[in-house]
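Everything below belongs to input22.cif, which stores mmCIF, C-alpha atoms.
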```cif
data_input
loop_
_atom_site.label_atom_id
_atom_site.label_comp_id
_atom_site.auth_asym_id
_atom_site.auth_seq_id
_atom_site.Cartn_x
_atom_site.Cartn_y
_atom_site.Cartn_z
CA MET A 41 104.31 76.97 108.91
CA ASN A 42 101.48 77.86 106.53
CA GLU A 43 98.74 76.91 109.00
CA ARG A 44 100.46 78.68 111.91
CA PHE A 45 100.88 81.75 109.72
CA LEU A 46 97.20 81.93 108.78
CA GLN A 47 96.12 81.29 112.37
CA TYR A 48 98.33 84.11 113.66
CA LEU A 49 97.16 86.41 110.86
CA HIS A 50 93.50 85.84 111.75
CA ASP A 51 93.95 85.86 115.54
CA TYR A 52 96.24 88.87 115.94
CA CYS A 53 96.11 90.91 112.72
CA VAL A 54 93.00 90.88 110.52
CA TYR A 55 90.45 88.53 109.03
CA ILE A 56 91.63 88.62 105.42
CA SER A 57 88.58 87.38 103.54
CA GLY A 58 87.84 89.92 100.81
CA GLN A 59 90.75 92.15 101.90
CA LYS A 60 93.43 93.52 99.56
CA ILE A 61 96.92 93.49 101.03
CA LEU A 62 99.98 95.46 99.94
CA VAL A 63 103.16 93.52 100.72
CA ALA A 64 106.26 95.61 101.48
CA LEU A 65 108.77 93.65 99.38
CA SER A 66 112.45 94.43 99.87
CA GLY A 67 113.70 91.15 98.42
CA GLY A 68 115.02 89.88 101.76
CA ALA A 69 114.10 86.50 103.21
CA ASP A 70 111.34 87.85 105.45
CA SER A 71 109.44 89.80 102.79
CA VAL A 72 109.90 87.04 100.19
CA ALA A 73 108.52 84.44 102.61
CA LEU A 74 105.61 86.75 103.48
CA LEU A 75 104.75 87.24 99.81
CA HIS A 76 104.91 83.49 99.16
CA LEU A 77 102.80 82.60 102.22
CA LEU A 78 100.05 85.05 101.26
CA HIS A 79 100.18 84.01 97.60
CA THR A 80 99.95 80.32 98.55
CA ALA A 81 96.93 81.12 100.74
CA LYS A 82 95.31 82.77 97.69
CA VAL A 83 95.02 86.13 99.42
CA ALA A 84 94.44 89.16 97.18
CA ILE A 85 97.88 90.77 97.20
CA CYS A 86 100.11 93.20 95.37
CA ALA A 87 103.64 94.27 96.25
CA ALA A 88 105.59 97.50 96.63
CA HIS A 89 109.37 97.87 96.37
CA CYS A 90 111.44 100.91 97.32
CA ASN A 91 114.86 101.55 95.82
CA PHE A 92 116.53 103.91 98.29
CA ASN A 93 119.69 104.20 96.15
CA LEU A 94 121.96 103.69 99.14
CA ARG A 95 123.95 100.64 98.00
CA GLY A 96 124.66 101.29 94.32
CA ASP A 97 124.50 98.18 92.13
CA GLU A 98 123.29 96.12 95.09
CA SER A 99 120.13 98.24 95.36
CA ASP A 100 119.52 97.87 91.63
CA GLY A 101 120.03 94.12 91.96
CA ASP A 102 117.39 93.97 94.70
CA GLU A 103 114.96 95.79 92.45
CA GLN A 104 115.52 93.48 89.49
CA TYR A 105 115.14 90.40 91.69
CA VAL A 106 111.81 91.69 93.03
CA VAL A 107 110.59 92.43 89.48
CA ASP A 108 111.41 88.87 88.39
CA LEU A 109 109.86 87.30 91.51
CA CYS A 110 106.55 89.13 91.14
CA ALA A 111 106.43 88.32 87.43
CA SER A 112 106.90 84.61 88.19
CA LEU A 113 104.03 84.67 90.71
CA GLY A 114 101.74 86.91 88.68
CA VAL A 115 101.70 89.55 91.43
CA THR A 116 101.25 93.24 90.58
CA LEU A 117 104.33 95.22 91.62
CA TYR A 118 104.61 98.94 92.36
CA GLN A 119 108.12 100.45 92.25
CA ARG A 120 109.52 103.73 93.52
CA SER A 121 113.02 105.20 93.53
CA PHE A 122 114.10 107.68 96.21
CA ASP A 123 117.04 110.01 96.76
CA THR A 124 117.17 109.06 100.43
CA THR A 125 120.39 110.89 101.24
CA GLU A 126 119.07 114.20 99.90
CA PHE A 127 115.79 113.76 101.81
CA ALA A 128 117.64 113.00 105.06
CA THR A 129 119.83 116.09 104.65
CA GLU A 130 116.85 118.29 103.82
CA LYS A 131 114.88 117.09 106.86
CA GLY A 132 117.87 116.91 109.21
CA ILE A 133 117.19 113.27 110.11
CA SER A 134 119.11 110.00 109.96
CA ILE A 135 119.25 107.84 106.83
CA GLU A 136 117.27 105.13 108.67
CA MET A 137 114.51 107.56 109.62
CA ALA A 138 114.45 109.08 106.13
CA ALA A 139 114.02 105.67 104.52
CA ARG A 140 111.26 104.81 106.95
CA ASP A 141 109.36 108.07 106.35
CA LEU A 142 109.66 107.80 102.57
CA ARG A 143 108.60 104.17 102.55
CA TYR A 144 105.50 104.49 104.69
CA ALA A 145 104.34 107.75 103.09
CA TRP A 146 104.38 106.03 99.71
CA PHE A 147 102.72 102.88 101.04
CA HIS A 148 99.85 104.91 102.48
CA ASP A 149 99.49 106.77 99.19
CA LEU A 150 99.14 103.40 97.46
CA LEU A 151 96.45 102.31 99.91
CA LYS A 152 94.43 105.33 98.86
CA THR A 153 95.06 105.42 95.11
CA GLU A 154 94.80 101.67 94.55
CA ARG A 155 91.92 101.06 97.00
CA LEU A 156 93.91 98.63 99.16
CA ASP A 157 93.09 97.64 102.73
CA TRP A 158 96.33 96.77 104.54
CA ILE A 159 100.10 97.12 104.43
CA ALA A 160 101.88 93.89 105.40
CA THR A 161 105.54 93.96 106.47
CA GLY A 162 107.92 91.09 107.13
CA HIS A 163 108.90 92.05 110.68
CA HIS A 164 109.49 88.87 112.67
CA LYS A 165 110.18 87.71 116.22
CA ASP A 166 113.86 88.70 116.09
CA ASP A 167 112.98 92.24 114.95
CA SER A 168 110.56 92.60 117.86
CA ILE A 169 113.17 91.48 120.38
CA GLU A 170 115.76 93.83 118.90
CA THR A 171 113.24 96.66 119.33
CA PHE A 172 112.87 95.70 123.00
CA PHE A 173 116.61 96.18 123.58
CA LEU A 174 116.72 99.43 121.60
CA ASN A 175 113.90 100.84 123.72
CA LEU A 176 115.59 99.55 126.87
CA ALA A 177 118.75 101.46 125.93
CA ARG A 178 116.77 104.62 125.14
CA GLY A 179 114.88 104.55 128.43
CA THR A 180 111.36 104.51 127.04
CA GLY A 181 109.87 103.01 130.21
CA ILE A 182 107.63 99.99 130.57
CA LYS A 183 105.53 100.89 127.53
CA GLY A 184 108.53 100.44 125.26
CA LEU A 185 109.34 96.97 126.56
CA VAL A 186 106.50 95.12 124.86
CA GLY A 187 108.08 94.74 121.41
CA MET A 188 106.30 95.27 118.10
CA LYS A 189 102.54 94.97 117.76
CA PRO A 190 100.97 92.74 115.08
CA LEU A 191 98.39 95.40 114.21
CA ARG A 192 98.88 99.15 114.19
CA GLY A 193 96.59 101.37 112.18
CA ARG A 194 96.50 99.81 108.71
CA LEU A 195 99.85 98.09 109.16
CA ILE A 196 99.96 94.35 109.89
CA ARG A 197 102.96 92.20 110.85
CA PRO A 198 101.89 88.56 110.32
CA LEU A 199 105.39 87.08 110.82
CA LEU A 200 105.93 88.19 114.43
CA ALA A 201 105.31 84.62 115.61
CA PHE A 202 108.29 83.34 113.59
CA SER A 203 112.04 83.64 114.05
CA ARG A 204 114.51 84.68 111.38
CA GLY A 205 115.75 81.08 111.29
CA GLU A 206 112.25 79.68 110.69
CA ILE A 207 111.72 82.12 107.85
CA GLU A 208 115.03 81.22 106.20
CA ASP A 209 114.17 77.52 106.57
CA TYR A 210 110.83 78.16 104.88
CA CYS A 211 112.62 79.83 101.97
CA ALA A 212 114.99 76.87 101.69
CA VAL A 213 112.18 74.28 101.71
CA HIS A 214 110.26 76.14 99.00
CA LYS A 215 113.42 76.94 97.01
CA LEU A 216 112.89 80.67 97.35
CA ASN A 217 115.95 82.76 96.62
CA TYR A 218 116.31 86.07 98.41
CA ARG A 219 118.64 89.04 98.62
CA THR A 220 120.97 89.82 101.51
CA ASP A 221 121.41 93.47 102.48
CA SER A 222 125.12 93.96 103.14
CA SER A 223 124.39 96.95 105.39
CA ASN A 224 122.74 94.54 107.87
CA LEU A 225 126.23 93.28 108.66
CA GLU A 226 127.61 96.73 109.51
CA SER A 227 127.75 97.70 113.19
CA VAL A 228 127.42 101.41 112.42
CA TYR A 229 123.67 101.05 112.94
CA LEU A 230 122.47 100.60 116.52
CA ARG A 231 120.04 97.81 115.59
CA ASN A 232 122.87 95.85 114.01
CA LYS A 233 124.92 96.18 117.20
CA VAL A 234 122.03 94.65 119.13
CA ARG A 235 121.63 91.91 116.50
CA HIS A 236 125.27 90.92 116.11
CA GLN A 237 126.86 91.79 119.47
CA ILE A 238 124.24 91.68 122.24
CA LEU A 239 121.74 88.97 121.32
CA PRO A 240 124.40 86.28 120.63
CA LEU A 241 125.57 86.65 124.25
CA PHE A 242 122.08 85.94 125.56
CA ARG A 243 121.71 82.97 123.22
CA GLU A 244 124.91 81.55 124.68
CA LEU A 245 123.36 81.74 128.14
CA ASN A 246 120.03 80.33 126.99
CA PRO A 247 119.64 78.61 123.59
CA SER A 248 115.87 79.22 123.84
CA PHE A 249 116.38 82.90 124.64
CA MET A 250 114.33 84.26 121.71
CA ASP A 251 111.26 82.22 122.67
CA THR A 252 111.76 83.15 126.31
CA MET A 253 111.97 86.83 125.40
CA GLN A 254 108.80 86.68 123.32
CA SER A 255 107.00 85.17 126.30
CA ASN A 256 108.49 87.83 128.58
CA MET A 257 107.32 90.64 126.29
CA LYS A 258 103.77 89.28 126.24
CA HIS A 259 103.87 89.20 130.03
CA MET A 260 105.35 92.72 130.10
CA GLU A 261 102.49 93.99 127.93
CA GLN A 262 99.95 92.54 130.37
CA VAL A 263 101.86 94.01 133.33
CA SER A 264 102.07 97.41 131.63
CA ARG A 265 98.35 97.45 130.89
CA PHE A 266 97.48 96.35 134.42
CA PHE A 267 99.86 98.86 136.00
CA GLN A 268 98.60 101.80 133.95
CA ASP A 269 94.98 100.89 134.67
CA SER A 270 95.75 100.55 138.39
CA VAL A 271 97.48 103.93 138.54
CA LYS A 272 94.56 105.51 136.68
CA GLU A 273 92.09 104.13 139.23
CA LEU A 274 94.33 105.13 142.13
CA THR A 275 94.61 108.65 140.73
CA LYS A 276 90.83 108.99 140.72
CA GLU A 277 90.85 107.98 144.38
CA VAL A 278 93.63 110.18 145.75
CA VAL A 279 93.63 113.24 143.46
CA VAL A 280 90.99 115.92 143.97
CA GLU A 281 90.39 118.93 141.73
CA GLN A 282 89.61 122.15 143.57
CA ASP A 283 89.58 125.72 142.24
CA GLY A 284 91.80 124.92 139.28
CA GLN A 285 94.30 123.02 141.42
CA LEU A 286 94.96 119.35 141.98
CA LEU A 287 95.27 118.17 145.58
CA ILE A 288 96.92 114.88 146.52
CA SER A 289 96.13 113.97 150.11
CA LEU A 290 99.23 113.08 152.15
CA GLN A 291 97.02 110.80 154.19
CA HIS A 292 96.53 108.68 151.07
CA VAL A 293 100.18 108.97 150.04
CA ASP A 294 101.33 107.58 153.40
CA ARG A 295 99.51 104.34 152.55
CA PHE A 296 101.50 103.80 149.34
CA VAL A 297 103.92 100.88 149.60
CA ASP A 298 106.23 102.66 147.15
CA LYS A 299 105.60 106.41 147.26
CA HIS A 300 108.14 107.21 144.56
CA LEU A 301 106.69 104.74 142.07
CA VAL A 302 103.08 105.88 142.40
CA LEU A 303 103.82 109.62 142.62
CA PHE A 304 106.05 109.36 139.56
CA GLU A 305 103.22 107.84 137.51
CA ILE A 306 100.80 110.52 138.71
CA LEU A 307 103.10 113.52 138.31
CA GLN A 308 105.38 112.59 135.41
CA PRO A 309 102.73 113.61 132.80
CA TYR A 310 102.95 117.13 134.21
CA GLY A 311 106.69 117.31 133.50
CA PHE A 312 108.21 116.29 136.85
CA ASN A 313 111.14 113.89 136.54
CA GLY A 314 112.35 111.13 138.82
CA SER A 315 114.83 113.25 140.77
CA VAL A 316 112.14 115.82 141.63
CA ILE A 317 109.80 113.06 142.75
CA GLN A 318 112.54 111.58 144.94
CA GLU A 319 113.12 114.97 146.58
CA LEU A 320 109.37 115.32 147.11
CA VAL A 321 109.22 111.89 148.77
CA GLU A 322 112.05 112.89 151.12
CA CYS A 323 110.09 116.02 152.11
CA ILE A 324 107.05 113.86 152.84
CA GLU A 325 109.00 111.38 154.94
CA ASN A 326 110.81 114.16 156.83
CA GLN A 327 107.56 116.15 157.27
CA VAL A 328 108.98 119.23 155.54
CA SER A 329 106.26 121.72 154.52
CA GLY A 330 106.27 124.69 152.16
CA LYS A 331 108.81 123.28 149.69
CA GLN A 332 108.07 124.02 146.02
CA PHE A 333 109.12 122.11 142.90
CA TYR A 334 108.99 123.32 139.32
CA ALA A 335 108.40 121.83 135.89
CA PRO A 336 108.14 123.82 132.63
CA SER A 337 104.37 124.37 132.94
CA TYR A 338 103.51 123.39 136.51
CA ARG A 339 104.67 123.72 140.07
CA LEU A 340 104.21 121.51 143.12
CA ILE A 341 103.78 122.72 146.67
CA LYS A 342 104.35 120.32 149.57
CA ASP A 343 101.79 121.57 152.11
CA ARG A 344 101.07 120.18 155.58
CA PHE A 345 98.17 118.01 154.44
CA ASN A 346 98.38 117.94 150.64
CA ILE A 347 100.61 118.00 147.63
CA ILE A 348 99.28 120.89 145.55
CA LEU A 349 99.71 120.92 141.78
CA LEU A 350 98.93 124.07 139.82
CA PRO A 351 99.87 125.57 136.45
CA HIS A 352 102.32 128.48 136.27
CA ALA A 353 99.86 130.54 134.25
CA GLU A 354 96.95 130.14 131.89
CA LYS A 355 98.12 128.07 128.95
CA GLN A 356 97.80 129.35 125.43
CA GLN A 357 95.20 127.30 123.57
CA ASP A 358 95.21 129.09 120.23
CA ASP A 359 97.52 126.75 118.31
CA ILE A 360 95.77 125.15 115.34
CA PHE A 361 97.06 122.17 113.37
CA TYR A 362 95.87 121.09 109.94
CA ILE A 363 95.26 117.71 108.31
CA GLU A 364 95.20 117.81 104.52
CA VAL A 365 93.13 115.54 102.30
CA ASP A 366 96.05 113.30 101.32
CA GLN A 367 97.73 113.18 104.74
CA TYR A 368 98.17 109.75 106.32
CA GLU A 369 99.57 110.73 109.71
CA LEU A 370 100.03 113.59 112.17
CA LYS A 371 103.03 113.49 114.49
CA GLN A 372 102.51 116.69 116.48
CA PRO A 373 100.91 117.70 118.81
CA VAL A 374 99.38 114.22 119.04
CA LYS A 375 100.06 111.10 117.00
CA LEU A 376 97.26 110.26 114.57
CA ASN A 377 97.28 107.55 111.90
CA ILE A 378 94.82 108.43 109.14
CA ALA A 379 93.35 105.97 106.65
CA SER A 380 90.95 107.33 104.06
CA GLY A 381 89.08 105.90 101.11
CA ILE A 382 88.01 102.75 102.97
CA ASP A 383 85.10 100.98 101.27
CA ALA A 384 82.11 101.02 103.62
CA GLN A 385 80.69 97.79 102.21
CA GLY A 386 81.42 94.97 104.64
CA TYR A 387 83.35 97.28 106.98
CA ARG A 388 83.57 96.11 110.59
CA ILE A 389 83.21 98.87 113.20
CA ASP A 390 86.12 99.30 115.61
CA THR A 391 84.63 100.12 119.02
CA ARG A 392 87.80 101.45 120.67
CA ALA A 393 87.59 105.03 121.97
CA GLU A 394 90.96 105.86 120.41
CA VAL A 395 89.60 105.14 116.91
CA ALA A 396 87.35 107.55 115.00
CA GLN A 397 85.39 106.23 112.02
CA LEU A 398 83.80 109.00 109.99
CA ASP A 399 81.66 109.32 106.88
CA GLU A 400 84.36 110.54 104.51
CA ASP A 401 82.02 112.23 102.05
CA LEU A 402 80.80 114.60 104.80
CA LEU A 403 84.27 115.87 105.67
CA ASN A 404 85.45 119.33 104.66
CA TYR A 405 89.25 119.54 104.29
CA PRO A 406 91.57 120.60 105.66
CA LEU A 407 90.53 119.18 109.01
CA THR A 408 91.72 121.25 111.97
CA LEU A 409 92.94 120.24 115.40
CA ARG A 410 92.99 122.48 118.47
CA LYS A 411 92.50 122.43 122.23
CA TRP A 412 89.01 122.86 123.65
CA ARG A 413 87.68 126.29 124.60
CA HIS A 414 84.86 127.40 126.85
CA GLY A 415 81.63 127.44 124.86
CA ASP A 416 82.62 124.56 122.55
CA GLN A 417 79.80 122.12 121.94
CA PHE A 418 79.12 119.02 119.85
CA ARG A 419 76.57 116.25 119.45
CA PRO A 420 78.02 113.15 121.15
CA LEU A 421 77.62 109.89 119.26
CA GLY A 422 74.23 108.38 120.03
CA MET A 423 72.64 111.68 121.10
CA LYS A 424 70.18 113.93 119.26
CA ASN A 425 70.97 117.14 121.13
CA PHE A 426 74.09 119.25 121.44
CA LYS A 427 76.14 119.23 124.62
CA LYS A 428 78.74 121.69 125.87
CA LEU A 429 82.23 120.27 126.22
CA SER A 430 82.32 121.45 129.82
CA ASP A 431 79.22 119.35 130.59
CA PHE A 432 80.64 116.39 128.68
CA PHE A 433 83.81 116.58 130.79
CA ILE A 434 81.78 116.55 133.99
CA ASP A 435 79.69 113.58 132.84
CA GLU A 436 82.82 111.65 131.85
CA LYS A 437 84.60 112.61 135.09
CA PHE A 438 87.55 114.33 133.40
CA SER A 439 90.29 115.57 135.71
CA LEU A 440 91.85 119.00 135.26
CA LYS A 441 94.79 117.36 133.49
CA ASP A 442 92.44 115.38 131.24
CA LYS A 443 90.71 118.60 130.18
CA GLU A 444 93.99 120.37 129.46
CA ASP A 445 95.18 117.43 127.36
CA THR A 446 92.00 117.12 125.29
CA TRP A 447 92.20 117.92 121.58
CA LEU A 448 89.28 118.50 119.25
CA LEU A 449 89.16 117.58 115.56
CA PHE A 450 87.06 119.86 113.34
CA SER A 451 85.54 119.69 109.89
CA GLY A 452 84.81 123.30 109.11
CA ASP A 453 83.22 124.69 112.29
CA ASP A 454 81.92 121.30 113.45
CA ILE A 455 83.62 119.24 116.14
CA ILE A 456 83.79 115.77 114.62
CA TRP A 457 85.84 114.06 117.32
CA VAL A 458 86.80 114.71 120.92
CA VAL A 459 90.07 112.93 120.25
CA GLY A 460 90.34 109.64 122.07
CA HIS A 461 86.89 109.94 123.62
CA ARG A 462 83.79 110.49 121.46
CA CYS A 463 82.85 111.21 117.84
CA ASP A 464 80.10 113.56 116.74
CA ASP A 465 76.84 111.82 115.83
CA ARG A 466 76.45 113.89 112.63
CA TYR A 467 79.52 112.26 111.07
CA LYS A 468 78.88 108.65 112.07
CA ILE A 469 78.80 105.74 109.63
CA THR A 470 75.29 104.94 108.39
CA HIS A 471 73.71 102.74 105.71
CA ARG A 472 74.22 105.65 103.29
CA THR A 473 77.98 105.84 103.91
CA GLN A 474 80.09 104.87 100.90
CA HIS A 475 83.61 105.75 102.05
CA ILE A 476 85.12 105.83 105.51
CA THR A 477 87.98 107.79 107.03
CA LYS A 478 89.51 105.96 109.99
CA ILE A 479 91.74 107.84 112.42
CA HIS A 480 93.71 106.04 115.13
CA TYR A 481 94.96 108.07 118.10
CA GLN A 482 98.28 106.71 119.41
CA ARG A 483 98.21 107.39 123.13
#
```
For this file, produce the structure as structure tokens.
Amino acid sequence: MNERFLQYLHDYCVYISGQKILVALSGGADSVALLHLLHTAKVAICAAHCNFNLRGDESDGDEQYVVDLCASLGVTLYQRSFDTTEFATEKGISIEMAARDLRYAWFHDLLKTERLDWIATGHHKDDSIETFFLNLARGTGIKGLVGMKPLRGRLIRPLLAFSRGEIEDYCAVHKLNYRTDSSNLESVYLRNKVRHQILPLFRELNPSFMDTMQSNMKHMEQVSRFFQDSVKELTKEVVVEQDGQLLISLQHVDRFVDKHLVLFEILQPYGFNGSVIQELVECIENQVSGKQFYAPSYRLIKDRFNIILLPHAEKQQDDIFYIEVDQYELKQPVKLNIASGIDAQGYRIDTRAEVAQLDEDLLNYPLTLRKWRHGDQFRPLGMKNFKKLSDFFIDEKFSLKDKEDTWLLFSGDDIIWVVGHRCDDRYKITHRTQHITKIHYQR
């Protein structure tokens, strides 16, 4: 298992040479095995344990076990106690969500204060499959049916290739004791219902169900990526912007094998649901003209030759959102994961458009986020001269919807990132950069 673990870690998570990893250590089998695997591989690690004070003496027992385990391995341990119930009540969220928010906020603080590189959690194959079924029940669409990802922001999940059974066997072979969370046996939590009531039925039908599901989710991820890319290309072909409106040619629509499927993918981002799309398709097939359909911010007109999409009125673009110096994520209006204090020495550049890597010492906090306005300009990465956003949009072939959805990140009065598209050249990483702020846009 050790060799498979390291291979998966390098192939799907990160290359760990010279990296410092914070292990989220609950005391359960998965986190104990993860700690032992990394320790055996002589990776630079430390551990963090949260006492959420939800299970009385059992929670305290978990904490003491973790203290003893880390002492026996010579691993530095960080501990934190939370009043989770009070936090959940104050925020109006579930206990599960409160524990998650408290845990990850503290972990990201530790990354910054202790100069660590990654957070490693013990999520495994079974957890990923349970997430698939939870998303299926919630109706998240094809994007939610791909399970957990091994790398997200500065979070890595090196055990996703292993089942719960394999992890428990590893603990047995290496004589590793671990704690059992009694709440995992309660069906009050939706995840536990999936774990104890739904998955056993599938395993009865197919003893290799968990491996089959993992293979299916990999395939689903490829299908999802291919489908989204195909719809994006098709949209460029059939959707035309004209005088602030979007026109979808009915001549093109008639060639769609499944009109509902394609129109849903094109129009759903504008707020139109499946039932509206179905009614629109019926109008197309019955050659009904003049019918209008409404979403909160847009309306559709079924004309003789086109489907016309236009906004109800000019949208307000004055909302400003702030990112403080110690903030590790932004949930609204877009999802941003923020990692600061990264050592520039030996840093490997991430070339994805959804990732901004900025010279941290040049940033002026708080950073601000707002929609683009006419007259905005910046210096696109790789260029010496300024360019208006409107010209940048034309060069990059932005649609009307793309423009409306574009957010800008500012340091002071400077645009430092056209979010998800291009950073400003003035804030790029150079040989003089000492610290890096990395921001990942979750599309």
* Expected selection from the PyMOL selection byres ((chain A and resi 167-182) around 12), given as JSON, numbers by chain -> {"A": [70, 161, 162, 163, 164, 165, 166, 183, 184, 185, 186, 187, 188, 189, 190, 197, 199, 200, 201, 202, 203, 204, 229, 230, 231, 232, 233, 234, 235, 236, 237, 238, 239, 240, 242, 249, 250, 251, 252, 253, 254, 255, 256, 257, 258, 259, 260, 261, 262, 263, 264, 265, 266, 267, 268, 304, 305, 308]}
Store the residues picked out above in a file with C-alpha atoms, as a PDB file, in the frame of the given file.
```
ATOM      1  CA  ASP A  70     111.340  87.850 105.450  1.00  0.00           C
ATOM      2  CA  THR A 161     105.540  93.960 106.470  1.00  0.00           C
ATOM      3  CA  GLY A 162     107.920  91.090 107.130  1.00  0.00           C
ATOM      4  CA  HIS A 163     108.900  92.050 110.680  1.00  0.00           C
ATOM      5  CA  HIS A 164     109.490  88.870 112.670  1.00  0.00           C
ATOM      6  CA  LYS A 165     110.180  87.710 116.220  1.00  0.00           C
ATOM      7  CA  ASP A 166     113.860  88.700 116.090  1.00  0.00           C
ATOM      8  CA  LYS A 183     105.530 100.890 127.530  1.00  0.00           C
ATOM      9  CA  GLY A 184     108.530 100.440 125.260  1.00  0.00           C
ATOM     10  CA  LEU A 185     109.340  96.970 126.560  1.00  0.00           C
ATOM     11  CA  VAL A 186     106.500  95.120 124.860  1.00  0.00           C
ATOM     12  CA  GLY A 187     108.080  94.740 121.410  1.00  0.00           C
ATOM     13  CA  MET A 188     106.300  95.270 118.100  1.00  0.00           C
ATOM     14  CA  LYS A 189     102.540  94.970 117.760  1.00  0.00           C
ATOM     15  CA  PRO A 190     100.970  92.740 115.080  1.00  0.00           C
ATOM     16  CA  ARG A 197     102.960  92.200 110.850  1.00  0.00           C
ATOM     17  CA  LEU A 199     105.390  87.080 110.820  1.00  0.00           C
ATOM     18  CA  LEU A 200     105.930  88.190 114.430  1.00  0.00           C
ATOM     19  CA  ALA A 201     105.310  84.620 115.610  1.00  0.00           C
ATOM     20  CA  PHE A 202     108.290  83.340 113.590  1.00  0.00           C
ATOM     21  CA  SER A 203     112.040  83.640 114.050  1.00  0.00           C
ATOM     22  CA  ARG A 204     114.510  84.680 111.380  1.00  0.00           C
ATOM     23  CA  TYR A 229     123.670 101.050 112.940  1.00  0.00           C
ATOM     24  CA  LEU A 230     122.470 100.600 116.520  1.00  0.00           C
ATOM     25  CA  ARG A 231     120.040  97.810 115.590  1.00  0.00           C
ATOM     26  CA  ASN A 232     122.870  95.850 114.010  1.00  0.00           C
ATOM     27  CA  LYS A 233     124.920  96.180 117.200  1.00  0.00           C
ATOM     28  CA  VAL A 234     122.030  94.650 119.130  1.00  0.00           C
ATOM     29  CA  ARG A 235     121.630  91.910 116.500  1.00  0.00           C
ATOM     30  CA  HIS A 236     125.270  90.920 116.110  1.00  0.00           C
ATOM     31  CA  GLN A 237     126.860  91.790 119.470  1.00  0.00           C
ATOM     32  CA  ILE A 238     124.240  91.680 122.240  1.00  0.00           C
ATOM     33  CA  LEU A 239     121.740  88.970 121.320  1.00  0.00           C
ATOM     34  CA  PRO A 240     124.400  86.280 120.630  1.00  0.00           C
ATOM     35  CA  PHE A 242     122.080  85.940 125.560  1.00  0.00           C
ATOM     36  CA  PHE A 249     116.380  82.900 124.640  1.00  0.00           C
ATOM     37  CA  MET A 250     114.330  84.260 121.710  1.00  0.00           C
ATOM     38  CA  ASP A 251     111.260  82.220 122.670  1.00  0.00           C
ATOM     39  CA  THR A 252     111.760  83.150 126.310  1.00  0.00           C
ATOM     40  CA  MET A 253     111.970  86.830 125.400  1.00  0.00           C
ATOM     41  CA  GLN A 254     108.800  86.680 123.320  1.00  0.00           C
ATOM     42  CA  SER A 255     107.000  85.170 126.300  1.00  0.00           C
ATOM     43  CA  ASN A 256     108.490  87.830 128.580  1.00  0.00           C
ATOM     44  CA  MET A 257     107.320  90.640 126.290  1.00  0.00           C
ATOM     45  CA  LYS A 258     103.770  89.280 126.240  1.00  0.00           C
ATOM     46  CA  HIS A 259     103.870  89.200 130.030  1.00  0.00           C
ATOM     47  CA  MET A 260     105.350  92.720 130.100  1.00  0.00           C
ATOM     48  CA  GLU A 261     102.490  93.990 127.930  1.00  0.00           C
ATOM     49  CA  GLN A 262      99.950  92.540 130.370  1.00  0.00           C
ATOM     50  CA  VAL A 263     101.860  94.010 133.330  1.00  0.00           C
ATOM     51  CA  SER A 264     102.070  97.410 131.630  1.00  0.00           C
ATOM     52  CA  ARG A 265      98.350  97.450 130.890  1.00  0.00           C
ATOM     53  CA  PHE A 266      97.480  96.350 134.420  1.00  0.00           C
ATOM     54  CA  PHE A 267      99.860  98.860 136.000  1.00  0.00           C
ATOM     55  CA  GLN A 268      98.600 101.800 133.950  1.00  0.00           C
ATOM     56  CA  PHE A 304     106.050 109.360 139.560  1.00  0.00           C
ATOM     57  CA  GLU A 305     103.220 107.840 137.510  1.00  0.00           C
ATOM     58  CA  GLN A 308     105.380 112.590 135.410  1.00  0.00           C
TER      59      GLN A 308
END
```
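Nearest to Cys323 of chain A of all the residues A:Gln385, A:Gln482, A:Asn346, A:Thr477 is A:Asn346, based on all atoms listed in the file.
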* To do: List the residues matched by the PyMOL selection byres ((chain A and resi 483) around 8) in the displayed structure as number ranges by chain, ordered by chain and then by residue number.
  => A: 375, 394, 481-482
* To do: Select, from A:Glu436, A:Trp457, A:Tyr105, A:Tyr387, the residue with the minimum atom-to-atom distance to His471 of chain A, counting only C-alpha atoms.
  =>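 So, comparing all the options, the nearest one is A:Tyr387.
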* To do: Name all residues at most 9 Å from segment 419-430 of chain A (count only C-alpha atoms; drop same-chain ones fewer than 4 positions away) and give them as a ChimeraX atom specification.
  => /A:412-415,434-435,443,455-458,462-468
* Out of A:Cys86, A:Val72, A:Ala393, A:Leu287, which residue has the shortest atom-to-atom distance to Thr116 of chain A when counting all atoms listed in the file? -> A:Cys86
* Asked: How far is it from atom CA of Glu206 of chain A to atom CA of Asn42 of chain A, in Å with one decimal?
  -> 11.7 Å
* Excluding Pro351 of chain A and residues on its chain fewer than 3 positions from it, collect all residues at most 7 Å away from it, counting all atoms listed in the file, and give them as a ChimeraX atom specification. => /A:337-339
* Asked: Counting all atoms listed in the file, which residues come within 7 Å of (111.7, 106.4, 101.8), with the point read in the file's coordinates, and could you list them as a list in words?
  -> Phe92, Phe122, Thr124, Ala138, Ala139, Arg140, Asp141, Leu142 and Arg143 of chain A
* Hits of the PyMOL selection byres ((chain A and resi 318) around 12) in this structure, as a ChimeraX atom specification -> /A:298-304,307-308,312-317,319-325,333
* To do: Work out how far atom CA of Val115 of chain A is from atom CA of Ile56 of chain A, in Å to one decimal.
  => 17.3 Å
